[in-house]
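Okay, run.cif is below, mmCIF, C-alpha atoms and all ligand atoms:
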data_structure
#
loop_
_atom_site.label_atom_id
_atom_site.label_comp_id
_atom_site.auth_asym_id
_atom_site.auth_seq_id
_atom_site.Cartn_x
_atom_site.Cartn_y
_atom_site.Cartn_z
CA MET A 1 17.12 20.85 -10.51
CA ASN A 2 19.76 19.78 -7.98
CA LYS A 3 19.77 21.53 -4.63
CA LYS A 4 22.89 23.57 -3.95
CA VAL A 5 24.90 23.39 -0.74
CA LEU A 6 27.70 25.73 0.36
CA VAL A 7 30.49 23.74 1.97
CA THR A 8 32.93 25.97 3.83
CA GLY A 9 36.30 24.32 4.44
CA GLY A 10 35.38 21.90 1.65
CA THR A 11 38.96 21.23 0.53
CA GLY A 12 39.87 20.13 4.08
CA PHE A 13 39.90 16.62 5.50
CA ILE A 14 36.27 16.12 6.54
CA GLY A 15 34.94 18.70 4.06
CA SER A 16 36.40 16.96 1.00
CA HIS A 17 34.88 13.59 1.97
CA THR A 18 31.54 15.30 2.58
CA VAL A 19 31.64 17.02 -0.83
CA VAL A 20 32.10 13.58 -2.43
CA GLU A 21 29.08 12.18 -0.57
CA LEU A 22 26.95 15.24 -1.38
CA GLN A 23 27.77 15.05 -5.08
CA ASN A 24 27.16 11.31 -5.11
CA ASN A 25 23.73 12.04 -3.61
CA GLY A 26 22.72 14.53 -6.28
CA PHE A 27 23.60 17.83 -4.62
CA ASP A 28 25.42 20.67 -6.33
CA VAL A 29 28.25 21.99 -4.21
CA VAL A 30 30.07 25.29 -3.96
CA ILE A 31 33.15 25.26 -1.74
CA VAL A 32 34.58 28.28 0.04
CA ASP A 33 38.04 27.76 1.49
CA ASN A 34 41.02 30.06 2.03
CA LEU A 35 43.42 27.09 1.62
CA SER A 36 45.07 27.90 4.96
CA ASN A 37 45.11 24.19 5.79
CA SER A 38 44.38 22.42 2.51
CA LYS A 39 45.42 22.23 -1.13
CA VAL A 40 43.57 23.33 -4.22
CA GLU A 41 44.50 20.04 -5.92
CA VAL A 42 41.89 18.35 -3.72
CA LEU A 43 39.31 19.68 -6.20
CA ASP A 44 40.83 17.53 -8.97
CA GLN A 45 40.85 14.53 -6.66
CA ILE A 46 37.16 15.03 -5.91
CA GLU A 47 36.52 15.21 -9.66
CA LYS A 48 38.39 11.92 -10.16
CA ILE A 49 36.11 10.24 -7.62
CA THR A 50 32.75 11.76 -8.55
CA GLY A 51 33.20 12.94 -12.14
CA THR A 52 32.33 16.51 -11.13
CA LYS A 53 34.67 19.30 -10.08
CA PRO A 54 32.88 21.36 -7.45
CA GLU A 55 32.56 25.11 -7.85
CA PHE A 56 35.23 26.81 -5.75
CA GLU A 57 35.80 30.27 -4.28
CA CYS A 58 39.02 31.05 -2.42
CA PHE A 59 38.60 33.65 0.30
CA ASP A 60 38.66 34.09 4.04
CA LEU A 61 35.28 33.84 5.74
CA THR A 62 36.36 36.24 8.44
CA ASP A 63 36.30 38.89 5.70
CA ARG A 64 32.78 40.26 6.05
CA GLN A 65 32.73 42.11 2.72
CA LYS A 66 33.98 39.17 0.69
CA THR A 67 31.54 36.84 2.43
CA ARG A 68 28.66 39.21 1.68
CA ALA A 69 29.74 39.62 -1.94
CA PHE A 70 29.79 35.85 -2.29
CA PHE A 71 26.21 35.54 -0.98
CA GLU A 72 25.10 38.33 -3.31
CA LYS A 73 26.28 36.25 -6.28
CA GLN A 74 24.86 32.94 -5.02
CA SER A 75 21.14 33.27 -5.30
CA ASN A 76 20.16 29.62 -4.98
CA LEU A 77 21.82 28.24 -1.85
CA GLU A 78 19.61 25.79 0.04
CA ALA A 79 21.94 25.00 2.91
CA ILE A 80 25.39 25.50 4.39
CA ILE A 81 27.79 23.06 5.99
CA HIS A 82 30.31 25.04 7.98
CA PHE A 83 33.59 23.14 8.39
CA ALA A 84 35.99 26.06 8.00
CA ALA A 85 37.87 26.62 11.25
CA SER A 86 41.29 26.39 12.82
CA LYS A 87 41.51 23.05 14.61
CA ALA A 88 44.88 22.43 16.28
CA VAL A 89 44.35 22.21 20.04
CA GLY A 90 47.98 22.96 20.97
CA GLU A 91 48.23 25.91 18.60
CA SER A 92 45.05 27.35 20.10
CA VAL A 93 46.73 27.45 23.52
CA GLU A 94 49.62 29.43 22.01
CA LYS A 95 47.48 31.69 19.82
CA PRO A 96 44.06 32.01 21.47
CA LEU A 97 43.14 35.24 19.69
CA MET A 98 43.77 33.70 16.30
CA TYR A 99 41.37 30.88 17.21
CA TYR A 100 38.65 33.12 18.61
CA HIS A 101 39.00 35.45 15.62
CA ASN A 102 38.86 32.76 12.97
CA ASN A 103 36.33 30.35 14.42
CA LEU A 104 33.85 32.87 15.83
CA ASN A 105 33.98 35.57 13.15
CA SER A 106 33.62 33.12 10.27
CA LEU A 107 30.48 31.66 11.86
CA MET A 108 29.00 35.07 12.70
CA ASN A 109 29.65 36.39 9.18
CA LEU A 110 27.97 33.34 7.73
CA MET A 111 24.95 33.61 10.00
CA GLU A 112 24.53 37.30 9.29
CA CYS A 113 24.50 36.47 5.59
CA MET A 114 22.08 33.60 6.19
CA GLN A 115 19.66 36.09 7.73
CA GLU A 116 20.15 38.77 5.06
CA PHE A 117 20.00 36.41 2.08
CA GLU A 118 17.45 34.02 3.57
CA VAL A 119 19.47 30.84 3.54
CA LYS A 120 17.63 28.78 6.12
CA ASN A 121 19.68 25.69 6.86
CA LEU A 122 23.01 25.24 8.65
CA VAL A 123 25.01 22.19 9.65
CA PHE A 124 27.91 22.99 11.96
CA SER A 125 31.08 21.02 12.84
CA SER A 126 31.17 20.72 16.58
CA SER A 127 33.25 18.34 18.64
CA CYS A 128 33.06 15.96 21.57
CA THR A 129 35.64 18.26 23.12
CA VAL A 130 32.64 20.26 24.44
CA TYR A 131 32.08 17.45 27.00
CA GLY A 132 35.63 17.65 28.46
CA GLN A 133 36.23 14.58 30.65
CA PRO A 134 32.66 13.51 31.35
CA ASP A 135 31.65 12.03 34.69
CA GLN A 136 29.67 9.28 32.99
CA LEU A 137 30.29 7.27 29.85
CA PRO A 138 29.12 6.95 27.17
CA VAL A 139 28.12 10.60 26.67
CA THR A 140 24.65 11.47 25.44
CA GLU A 141 23.66 14.83 24.00
CA GLN A 142 22.24 15.64 27.46
CA THR A 143 25.58 15.13 29.19
CA PRO A 144 26.46 18.57 30.50
CA ARG A 145 29.14 20.43 28.59
CA LYS A 146 32.22 21.23 30.66
CA GLU A 147 34.51 24.19 30.77
CA ALA A 148 36.70 23.81 27.71
CA GLU A 149 40.22 22.45 28.08
CA SER A 150 41.59 24.69 25.31
CA PRO A 151 40.70 27.88 23.43
CA TYR A 152 39.91 25.66 20.43
CA GLY A 153 37.42 23.65 22.49
CA ASN A 154 35.96 26.86 23.84
CA THR A 155 35.34 28.16 20.31
CA LYS A 156 33.22 25.06 19.64
CA SER A 157 31.11 25.63 22.78
CA ILE A 158 30.69 29.33 21.98
CA CYS A 159 29.76 28.56 18.36
CA GLU A 160 27.11 26.11 19.58
CA ASP A 161 25.74 28.88 21.83
CA ILE A 162 25.74 31.38 18.97
CA ILE A 163 23.80 28.98 16.74
CA ARG A 164 21.32 28.19 19.51
CA ASP A 165 20.70 31.87 20.26
CA VAL A 166 20.40 32.91 16.61
CA CYS A 167 17.97 30.05 15.91
CA LYS A 168 15.92 31.04 18.94
CA ALA A 169 15.66 34.62 17.70
CA ASN A 170 14.91 33.50 14.10
CA PRO A 171 12.42 30.63 14.12
CA SER A 172 12.70 30.25 10.34
CA LEU A 173 16.42 29.40 10.62
CA LYS A 174 17.38 25.78 11.28
CA GLY A 175 20.66 24.51 12.67
CA ILE A 176 22.17 21.12 13.37
CA ALA A 177 25.45 20.87 15.26
CA LEU A 178 27.19 17.55 14.81
CA ARG A 179 29.55 16.70 17.66
CA TYR A 180 32.26 14.65 16.02
CA PHE A 181 34.22 12.12 17.99
CA ASN A 182 37.63 11.21 16.46
CA PRO A 183 37.44 11.19 12.64
CA ILE A 184 40.12 9.03 10.99
CA GLY A 185 40.69 7.07 7.77
CA ALA A 186 40.32 8.11 4.16
CA HIS A 187 38.19 7.56 1.08
CA GLU A 188 38.41 4.01 -0.29
CA SER A 189 39.91 5.36 -3.54
CA ALA A 190 42.86 6.72 -1.51
CA LEU A 191 42.55 9.89 -3.61
CA ILE A 192 41.60 12.12 -0.68
CA GLY A 193 42.51 11.92 3.00
CA GLU A 194 44.07 13.88 5.82
CA LEU A 195 46.95 16.17 4.80
CA PRO A 196 48.66 17.26 7.99
CA LEU A 197 51.09 20.14 7.56
CA GLY A 198 54.37 19.48 9.37
CA VAL A 199 54.61 17.02 12.26
CA PRO A 200 51.15 15.57 12.94
CA ASN A 201 49.64 16.01 16.39
CA ASN A 202 46.92 13.45 15.94
CA LEU A 203 47.39 9.76 16.55
CA ILE A 204 46.58 8.24 13.17
CA PRO A 205 48.59 10.49 10.85
CA PHE A 206 51.55 10.19 13.25
CA LEU A 207 51.15 6.41 13.29
CA THR A 208 50.92 6.04 9.49
CA GLN A 209 53.90 8.38 8.98
CA THR A 210 55.87 6.28 11.46
CA VAL A 211 55.08 3.07 9.61
CA ALA A 212 55.98 4.82 6.33
CA GLY A 213 59.40 5.62 7.82
CA ILE A 214 58.86 9.40 7.98
CA ARG A 215 58.90 9.35 11.81
CA LYS A 216 61.11 7.14 13.96
CA GLU A 217 58.55 5.85 16.44
CA LEU A 218 55.10 6.56 17.76
CA SER A 219 54.86 7.77 21.34
CA VAL A 220 51.96 6.23 23.24
CA PHE A 221 51.05 9.04 25.58
CA GLY A 222 50.58 7.23 28.88
CA ASP A 223 49.78 3.66 29.95
CA ASP A 224 48.75 4.52 33.50
CA TYR A 225 45.20 5.67 32.83
CA ASN A 226 42.31 3.99 34.58
CA THR A 227 41.41 1.94 31.48
CA PRO A 228 41.71 -1.83 30.83
CA ASP A 229 45.18 -1.58 29.21
CA GLY A 230 46.18 1.76 30.76
CA SER A 231 46.18 3.76 27.49
CA ALA A 232 43.64 6.48 26.74
CA ILE A 233 40.32 5.70 25.06
CA ARG A 234 38.55 7.52 22.21
CA ASP A 235 35.72 6.85 19.76
CA TYR A 236 37.35 6.67 16.31
CA ILE A 237 34.96 7.13 13.40
CA HIS A 238 35.66 6.55 9.70
CA VAL A 239 35.61 9.93 7.96
CA VAL A 240 33.33 8.55 5.23
CA ASP A 241 30.75 7.47 7.83
CA LEU A 242 31.02 10.97 9.29
CA ALA A 243 30.64 12.54 5.84
CA LYS A 244 27.46 10.50 5.29
CA ALA A 245 26.01 11.87 8.54
CA HIS A 246 26.23 15.35 6.98
CA VAL A 247 24.20 14.30 3.95
CA VAL A 248 21.56 12.89 6.27
CA ALA A 249 21.56 16.06 8.37
CA ILE A 250 21.12 18.21 5.25
CA ALA A 251 18.23 16.04 4.07
CA ARG A 252 16.61 16.30 7.52
CA LEU A 253 16.72 20.09 7.33
CA LEU A 254 15.58 20.33 3.71
CA ASN A 255 12.69 17.92 4.33
CA ASP A 256 11.64 19.69 7.55
CA GLN A 257 12.13 16.52 9.58
CA ASN A 258 13.90 18.31 12.42
CA LYS A 259 12.13 18.27 15.78
CA THR A 260 13.31 21.71 16.90
CA ASN A 261 15.09 24.40 14.92
CA CYS A 262 18.36 23.78 16.73
CA GLU A 263 19.55 20.22 17.25
CA PHE A 264 22.73 18.60 18.53
CA PHE A 265 23.91 15.09 17.65
CA ASN A 266 26.79 12.91 18.76
CA VAL A 267 28.48 11.45 15.71
CA GLY A 268 30.67 8.54 16.73
CA THR A 269 30.64 4.75 16.62
CA GLY A 270 29.73 4.19 20.25
CA ASN A 271 32.90 2.10 20.75
CA GLY A 272 35.70 3.19 23.05
CA VAL A 273 39.10 2.08 21.70
CA SER A 274 42.46 2.50 23.43
CA VAL A 275 45.70 3.69 21.81
CA LEU A 276 47.21 0.21 22.24
CA GLU A 277 44.13 -1.35 20.64
CA ILE A 278 44.57 1.02 17.69
CA ILE A 279 48.13 -0.21 17.25
CA ASN A 280 47.01 -3.87 17.41
CA SER A 281 44.17 -3.29 14.96
CA PHE A 282 46.48 -1.44 12.55
CA GLU A 283 49.05 -4.24 12.66
CA ARG A 284 46.36 -6.88 12.16
CA SER A 285 44.65 -5.17 9.24
CA THR A 286 47.75 -4.01 7.34
CA GLY A 287 50.35 -6.62 8.31
CA GLU A 288 52.73 -3.74 9.14
CA LYS A 289 54.59 -3.28 12.44
CA VAL A 290 54.12 -0.02 14.34
CA PRO A 291 57.36 1.02 16.08
CA HIS A 292 56.21 2.56 19.35
CA ARG A 293 57.17 3.31 22.91
CA ILE A 294 55.23 4.31 26.01
CA THR A 295 55.93 7.87 27.12
CA ASP A 296 54.43 10.30 29.63
CA ARG A 297 50.87 11.44 29.29
CA ARG A 298 50.29 14.42 26.99
CA GLU A 299 49.27 17.51 28.88
CA GLY A 300 45.61 18.40 28.50
CA ASP A 301 44.54 14.91 27.34
CA ILE A 302 41.44 13.38 28.87
CA GLU A 303 41.39 9.74 29.94
CA GLN A 304 38.45 8.47 27.96
CA ILE A 305 35.42 9.43 25.95
CA TYR A 306 33.02 7.63 23.64
CA ALA A 307 29.57 8.38 22.34
CA ASP A 308 26.11 7.17 23.06
CA THR A 309 24.85 7.35 19.47
CA THR A 310 21.23 6.36 20.13
CA PHE A 311 19.86 9.79 19.25
CA ALA A 312 21.68 9.93 15.89
CA ASN A 313 20.83 6.30 15.14
CA GLU A 314 17.13 6.76 15.82
CA GLU A 315 16.50 10.32 14.70
CA LEU A 316 18.85 10.53 11.73
CA LYS A 317 18.51 6.83 10.85
CA TRP A 318 22.27 6.93 10.54
CA LYS A 319 24.87 4.56 11.93
CA ALA A 320 28.64 4.28 11.51
CA GLU A 321 29.21 1.20 9.36
CA SER A 322 32.95 0.68 8.93
CA THR A 323 34.92 -1.60 11.22
CA LEU A 324 38.03 -0.27 12.94
CA ASP A 325 40.24 -2.58 10.85
CA GLU A 326 38.71 -1.27 7.60
CA THR A 327 39.10 2.29 8.79
CA LEU A 328 42.76 1.88 9.70
CA LEU A 329 43.47 0.06 6.43
CA SER A 330 42.00 3.04 4.54
CA ALA A 331 44.30 5.40 6.47
CA TRP A 332 47.28 3.25 5.51
CA LYS A 333 46.27 3.05 1.81
CA TRP A 334 46.04 6.85 1.78
CA GLN A 335 49.48 7.21 3.38
CA GLU A 336 50.92 4.84 0.78
CA ASN A 337 49.20 6.63 -2.09
CA LEU A 338 50.45 10.03 -0.92
CA LYS A 339 53.92 9.00 -2.14
CA THR A 340 52.62 9.02 -5.71
CA MET A 341 50.99 12.44 -5.44
CA GLU A 342 52.59 15.71 -6.28
CA PHE A 343 51.04 17.70 -3.46
N1 LIG B 1 39.52 16.48 12.47
C1 LIG B 1 39.06 16.36 13.71
O1 LIG B 1 39.59 15.58 14.52
C2 LIG B 1 37.86 17.17 14.15
C3 LIG B 1 37.17 16.77 15.30
C4 LIG B 1 36.06 17.53 15.72
C5 LIG B 1 35.66 18.65 15.00
N2 LIG B 1 36.37 19.02 13.90
C6 LIG B 1 35.95 20.20 13.16
O2 LIG B 1 35.58 19.82 11.85
C7 LIG B 1 35.88 20.87 10.93
C8 LIG B 1 36.72 20.33 9.79
O3 LIG B 1 37.88 19.74 10.31
P1 LIG B 1 39.00 19.10 9.38
O4 LIG B 1 39.66 18.04 10.17
O5 LIG B 1 38.43 18.76 8.05
O6 LIG B 1 39.98 20.34 9.26
P2 LIG B 1 40.80 20.90 8.00
O7 LIG B 1 41.79 21.87 8.53
O8 LIG B 1 41.31 19.77 7.18
O9 LIG B 1 39.67 21.67 7.18
C9 LIG B 1 39.25 22.96 7.51
C10 LIG B 1 39.31 23.80 6.25
O10 LIG B 1 38.86 25.12 6.53
C11 LIG B 1 39.71 26.06 5.86
N3 LIG B 1 39.60 27.31 6.61
C12 LIG B 1 40.00 27.56 7.89
N4 LIG B 1 39.69 28.82 8.23
C13 LIG B 1 39.08 29.39 7.15
C14 LIG B 1 38.54 30.68 6.90
N5 LIG B 1 38.57 31.65 7.81
N6 LIG B 1 37.98 30.91 5.68
C15 LIG B 1 37.94 29.95 4.74
N7 LIG B 1 38.46 28.72 4.93
C16 LIG B 1 39.01 28.45 6.12
C17 LIG B 1 41.08 25.40 5.84
O11 LIG B 1 41.88 25.87 4.78
C18 LIG B 1 40.72 23.92 5.67
O12 LIG B 1 40.68 23.54 4.31
C19 LIG B 1 36.55 21.97 11.76
O13 LIG B 1 35.57 22.90 12.14
C20 LIG B 1 37.06 21.22 12.97
O14 LIG B 1 37.20 22.06 14.09
C21 LIG B 1 37.44 18.29 13.44
O1 LIG B 2 51.41 10.71 18.91
C1 LIG B 2 50.37 10.48 19.55
C2 LIG B 2 49.16 11.19 19.33
C3 LIG B 2 48.07 10.89 20.11
N1 LIG B 2 48.13 9.93 21.07
C4 LIG B 2 46.93 9.62 21.86
O2 LIG B 2 45.91 9.24 20.97
C5 LIG B 2 44.63 9.65 21.43
C6 LIG B 2 43.97 10.50 20.34
O3 LIG B 2 44.71 11.70 20.16
P1 LIG B 2 44.44 12.70 18.96
O4 LIG B 2 44.42 11.97 17.66
O5 LIG B 2 45.43 13.82 19.09
O6 LIG B 2 42.95 13.19 19.21
P2 LIG B 2 42.30 13.93 20.47
O7 LIG B 2 43.33 14.45 21.39
O8 LIG B 2 41.28 13.00 21.05
O9 LIG B 2 41.59 15.18 19.77
C7 LIG B 2 40.97 15.08 18.48
O10 LIG B 2 39.64 14.76 18.61
C8 LIG B 2 38.84 15.75 19.27
C9 LIG B 2 37.43 15.21 19.34
O11 LIG B 2 36.89 15.09 18.08
C10 LIG B 2 38.90 17.06 18.52
O12 LIG B 2 38.17 18.04 19.21
C11 LIG B 2 40.34 17.49 18.38
O13 LIG B 2 40.36 18.64 17.57
C12 LIG B 2 41.13 16.39 17.72
O14 LIG B 2 42.50 16.75 17.65
C13 LIG B 2 44.89 10.43 22.72
O15 LIG B 2 44.70 9.56 23.81
C14 LIG B 2 46.38 10.80 22.64
O16 LIG B 2 47.01 10.90 23.88
C15 LIG B 2 49.30 9.22 21.28
O17 LIG B 2 49.35 8.34 22.14
N2 LIG B 2 50.38 9.51 20.52
#

Just give me the structure of the file as structure tokens.
Ligand SMILES: NC(=O)c1ccc[n+]([C@@H]2O[C@H](COP(=O)([O-])OP(=O)(O)OC[C@H]3O[C@@H](n4cnc5c(N)ncnc54)[C@H](O)[C@@H]3O)[C@@H](O)[C@H]2O)c1
Ligand SMILES: O=c1ccn([C@@H]2O[C@H](COP(=O)(O)OP(=O)(O)O[C@H]3O[C@H](CO)[C@@H](O)[C@H](O)[C@H]3O)[C@@H](O)[C@H]2O)c(=O)[nH]1
Amino acid sequence: MNKKVLVTGGTGFIGSHTVVELQNNGFDVVIVDNLSNSKVEVLDQIEKITGTKPEFECFDLTDRQKTRAFFEKQSNLEAIIHFAASKAVGESVEKPLMYYHNNLNSLMNLMECMQEFEVKNLVFSSSCTVYGQPDQLPVTEQTPRKEAESPYGNTKSICEDIIRDVCKANPSLKGIALRYFNPIGAHESALIGELPLGVPNNLIPFLTQTVAGIRKELSVFGDDYNTPDGSAIRDYIHVVDLAKAHVVAIARLLNDQNKTNCEFFNVGTGNGVSVLEIINSFERSTGEKVPHRITDRREGDIEQIYADTTFANEELKWKAESTLDETLLSAWKWQENLKTMEF
């Protein structure tokens, strides 16, 4: 019998790609999502790719009673991947309570149910934002976390602490927190991808919408950073490579290969890429011009961060495989295909 995984936030950007990889690797999936930042049609898209429509329950994980009722019905869950969260950094500065409420309560409800219903394995979506602007690059998992730059970032640090403390108190529970660097791109089928609501804040959806003519020009936020070309540097990882890291993490937990019952991994490519390099790579791989202009730095942005991925490469036997050109081409194919979709 297939092992069953609960994927919270499974209709979202990273969640949907992970559901595809899980199903392609023989797992049964049940998604819980309140559709606050995703569309139910994603389920049909997943079915088109994998041949299987995942089981789906629509409710809010901050609702303790509904979460408990769900666990009461699901008797055979082997593991949970917890993606569901609010994720817009700027919005979190405006509405900190909303972020603390959603991101902390959903995790605590889940972990309480894990204890009560004896679901032993958790993979959590953390972020490289927990490192702030590190003193040394690349960052390893031992690089000290810094005070968060935003309430959103703080929720990720607090959630990591909650998982660590709960695992310490319950040796039979096992957690893996994956610290994502910058996930971009879309599934090669162009049937699923990132669906930003309103004006995108993130670089790649803004860039692809600009090239598609939806936005006039891309602002490059600053060219006076202490980097080779002056623009800020990040570690951009193809969302499918990131999704595959989740399948590996689940297998590690289910096969008892974890070294301790609470582990943290950097999930990036290890390559630092500047905003101007992104534009060049996009133009090279798609043949499209990116209208852009240099503007002031964006408040709250760090100068540069990229991962040391040695621990993930060696322990998880996982490595990001896609090139930057392939990744950006997939983002563009998705943007183009969106025109043909009704949602
Ligand atoms: N995308 C990134 O750049 C990035 C980087 C680092 C970490 N992360 C983390 O990865 C996870 C997934 O990110 P994403 O980019 O796929 O975001 P997303 O918004 O596309 O997906 C999150 C999903 O969770 C759902 N959701 C939110 N709150 C919920 C709740 N209380 N109950 C039920 N469903 C709820 C939303 O409807 C959405 O479908 C998040 O935890 C995010 O913080 C994302
Ligand atoms: O219109 C834009 C948008 C972004 N940028 C720059 O592009 C880079 C990447 O920006 P963005 O895509 O917004 O990502 P980050 O600010 O690095 O943050 C993302 O990546 C973090 C690490 O995974 C997550 O914690 C955050 O939630 C997620 O928004 C930064 O240097 C920005 O200044 C621009 O120049 N112009």

Contacts of segment 137-147 of chain A within 10 Å, only C-alpha atoms, excl. fewer than 6 positions in-chain, as a short mmCIF file (atom, residue, chain, number, x, y, z; two decimals) with C-alpha atoms, in the frame of the given file:
data_model
loop_
_atom_site.label_atom_id
_atom_site.label_comp_id
_atom_site.auth_asym_id
_atom_site.auth_seq_id
_atom_site.Cartn_x
_atom_site.Cartn_y
_atom_site.Cartn_z
CA CYS A 128 33.06 15.96 21.57
CA THR A 129 35.64 18.26 23.12
CA VAL A 130 32.64 20.26 24.44
CA TYR A 131 32.08 17.45 27.00
CA GLY A 153 37.42 23.65 22.49
CA ASN A 154 35.96 26.86 23.84
CA SER A 157 31.11 25.63 22.78
CA ARG A 179 29.55 16.70 17.66
CA ASP A 235 35.72 6.85 19.76
CA GLU A 263 19.55 20.22 17.25
CA PHE A 264 22.73 18.60 18.53
CA PHE A 265 23.91 15.09 17.65
CA ASN A 266 26.79 12.91 18.76
CA GLY A 270 29.73 4.19 20.25
CA ASN A 271 32.90 2.10 20.75
CA GLY A 272 35.70 3.19 23.05
CA GLN A 304 38.45 8.47 27.96
CA ILE A 305 35.42 9.43 25.95
CA TYR A 306 33.02 7.63 23.64
CA ALA A 307 29.57 8.38 22.34
CA ASP A 308 26.11 7.17 23.06
CA THR A 309 24.85 7.35 19.47
CA THR A 310 21.23 6.36 20.13
CA PHE A 311 19.86 9.79 19.25
CA ALA A 312 21.68 9.93 15.89
#

| said: I'd like the neighbourhood of Gln257 of chain A as number ranges by chain, where a residue qualifies if any of its atoms comes within 12 Å (using all atoms listed in the file), though same-chain residues fewer than 4 positions away should be ignored. | reply: A: 174, 176, 248-253, 261-263, 315-317

Can you sort out the box for ligand LIG 1 (chain B), edges along x, y and z, all listed atoms in, 6 Å on every side, with centre and edge lengths in Å to one decimal, as AutoDock Vina command-line options?
--center_x 38.7 --center_y 23.6 --center_z 10.0 --size_x 18.3 --size_y 28.1 --size_z 23.4

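Atom CA of Glu194 of chain A is positioned 5.0 Å from atom CA of Phe13 of chain A.
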
| said: Please determine, counting all atoms listed in the file, which residue among A:Asp135, A:Asp60, A:Glu116, A:Glu78 has the shortest atom-to-atom distance to His101 of chain A. | reply: A:Asp60

| message | Using all atoms listed in the file, which protein or nucleic acid residues come within 9 Å of Val211 of chain A? Drop anything in the same chain fewer than 5 positions from it, and give the result as a ChimeraX atom specification. | response | /A:206,216-218,288-291,332

Okay, now the selection with C-alpha atoms, as an mmCIF file, keeping the file's coordinate frame?
data_model
loop_
_atom_site.group_PDB
_atom_site.id
_atom_site.type_symbol
_atom_site.label_atom_id
_atom_site.label_comp_id
_atom_site.auth_asym_id
_atom_site.auth_seq_id
_atom_site.Cartn_x
_atom_site.Cartn_y
_atom_site.Cartn_z
ATOM 1 C CA PHE A 206 51.550 10.190 13.250
ATOM 2 C CA LYS A 216 61.110 7.140 13.960
ATOM 3 C CA GLU A 217 58.550 5.850 16.440
ATOM 4 C CA LEU A 218 55.100 6.560 17.760
ATOM 5 C CA GLU A 288 52.730 -3.740 9.140
ATOM 6 C CA LYS A 289 54.590 -3.280 12.440
ATOM 7 C CA VAL A 290 54.120 -0.020 14.340
ATOM 8 C CA PRO A 291 57.360 1.020 16.080
ATOM 9 C CA TRP A 332 47.280 3.250 5.510
#

| Please, which residues have at least one atom within 6 Å of an atom of ligand LIG 2 (chain B), using all atoms listed in the file, listed as a PyMOL selection string? | chain A and resi 87+89+127-129+180-182+201-203+206+218-221+232-233+275+298+301

Preceding selection exported with C-alpha atoms as a PDB file, in the coordinates of the input:
ATOM      1  CA  LYS A  87      41.510  23.050  14.610  1.00  0.00           C
ATOM      2  CA  VAL A  89      44.350  22.210  20.040  1.00  0.00           C
ATOM      3  CA  SER A 127      33.250  18.340  18.640  1.00  0.00           C
ATOM      4  CA  CYS A 128      33.060  15.960  21.570  1.00  0.00           C
ATOM      5  CA  THR A 129      35.640  18.260  23.120  1.00  0.00           C
ATOM      6  CA  TYR A 180      32.260  14.650  16.020  1.00  0.00           C
ATOM      7  CA  PHE A 181      34.220  12.120  17.990  1.00  0.00           C
ATOM      8  CA  ASN A 182      37.630  11.210  16.460  1.00  0.00           C
ATOM      9  CA  ASN A 201      49.640  16.010  16.390  1.00  0.00           C
ATOM     10  CA  ASN A 202      46.920  13.450  15.940  1.00  0.00           C
ATOM     11  CA  LEU A 203      47.390   9.760  16.550  1.00  0.00           C
ATOM     12  CA  PHE A 206      51.550  10.190  13.250  1.00  0.00           C
ATOM     13  CA  LEU A 218      55.100   6.560  17.760  1.00  0.00           C
ATOM     14  CA  SER A 219      54.860   7.770  21.340  1.00  0.00           C
ATOM     15  CA  VAL A 220      51.960   6.230  23.240  1.00  0.00           C
ATOM     16  CA  PHE A 221      51.050   9.040  25.580  1.00  0.00           C
ATOM     17  CA  ALA A 232      43.640   6.480  26.740  1.00  0.00           C
ATOM     18  CA  ILE A 233      40.320   5.700  25.060  1.00  0.00           C
ATOM     19  CA  VAL A 275      45.700   3.690  21.810  1.00  0.00           C
ATOM     20  CA  ARG A 298      50.290  14.420  26.990  1.00  0.00           C
ATOM     21  CA  ASP A 301      44.540  14.910  27.340  1.00  0.00           C
TER      22      ASP A 301
END

| message | For ligand LIG 1 (chain B), return the neighbouring residues as number ranges by chain (distance at most 7 Å; all atoms listed in the file). | response | A: 8-15, 32-38, 59-62, 83-87, 102, 106, 125-128, 179-183, 194

| request: Skip Gln45 of chain A itself and residues of its chain fewer than 6 positions away, then list as a PyMOL selection string all residues within 12 Å of it, counting all atoms listed in the file. | output: chain A and resi 11+16-17+19-20+39+51-54+187+189-193+341-343

| message | I'd like the neighbourhood of Gly222 of chain A as a PyMOL selection string, where a residue qualifies if any of its atoms comes within 8 Å (using only C-alpha atoms), though same-chain residues fewer than 3 positions away should be ignored. | response | chain A and resi 225+230-232+294-298

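Counting from atom CA of Ala148 of chain A, the distance to atom CA of Asp165 of chain A is 19.4 Å.
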
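If you look at atom CA of Thr210 of chain A and atom CA of Ser285 of chain A, they are 16.2 Å away from each other.
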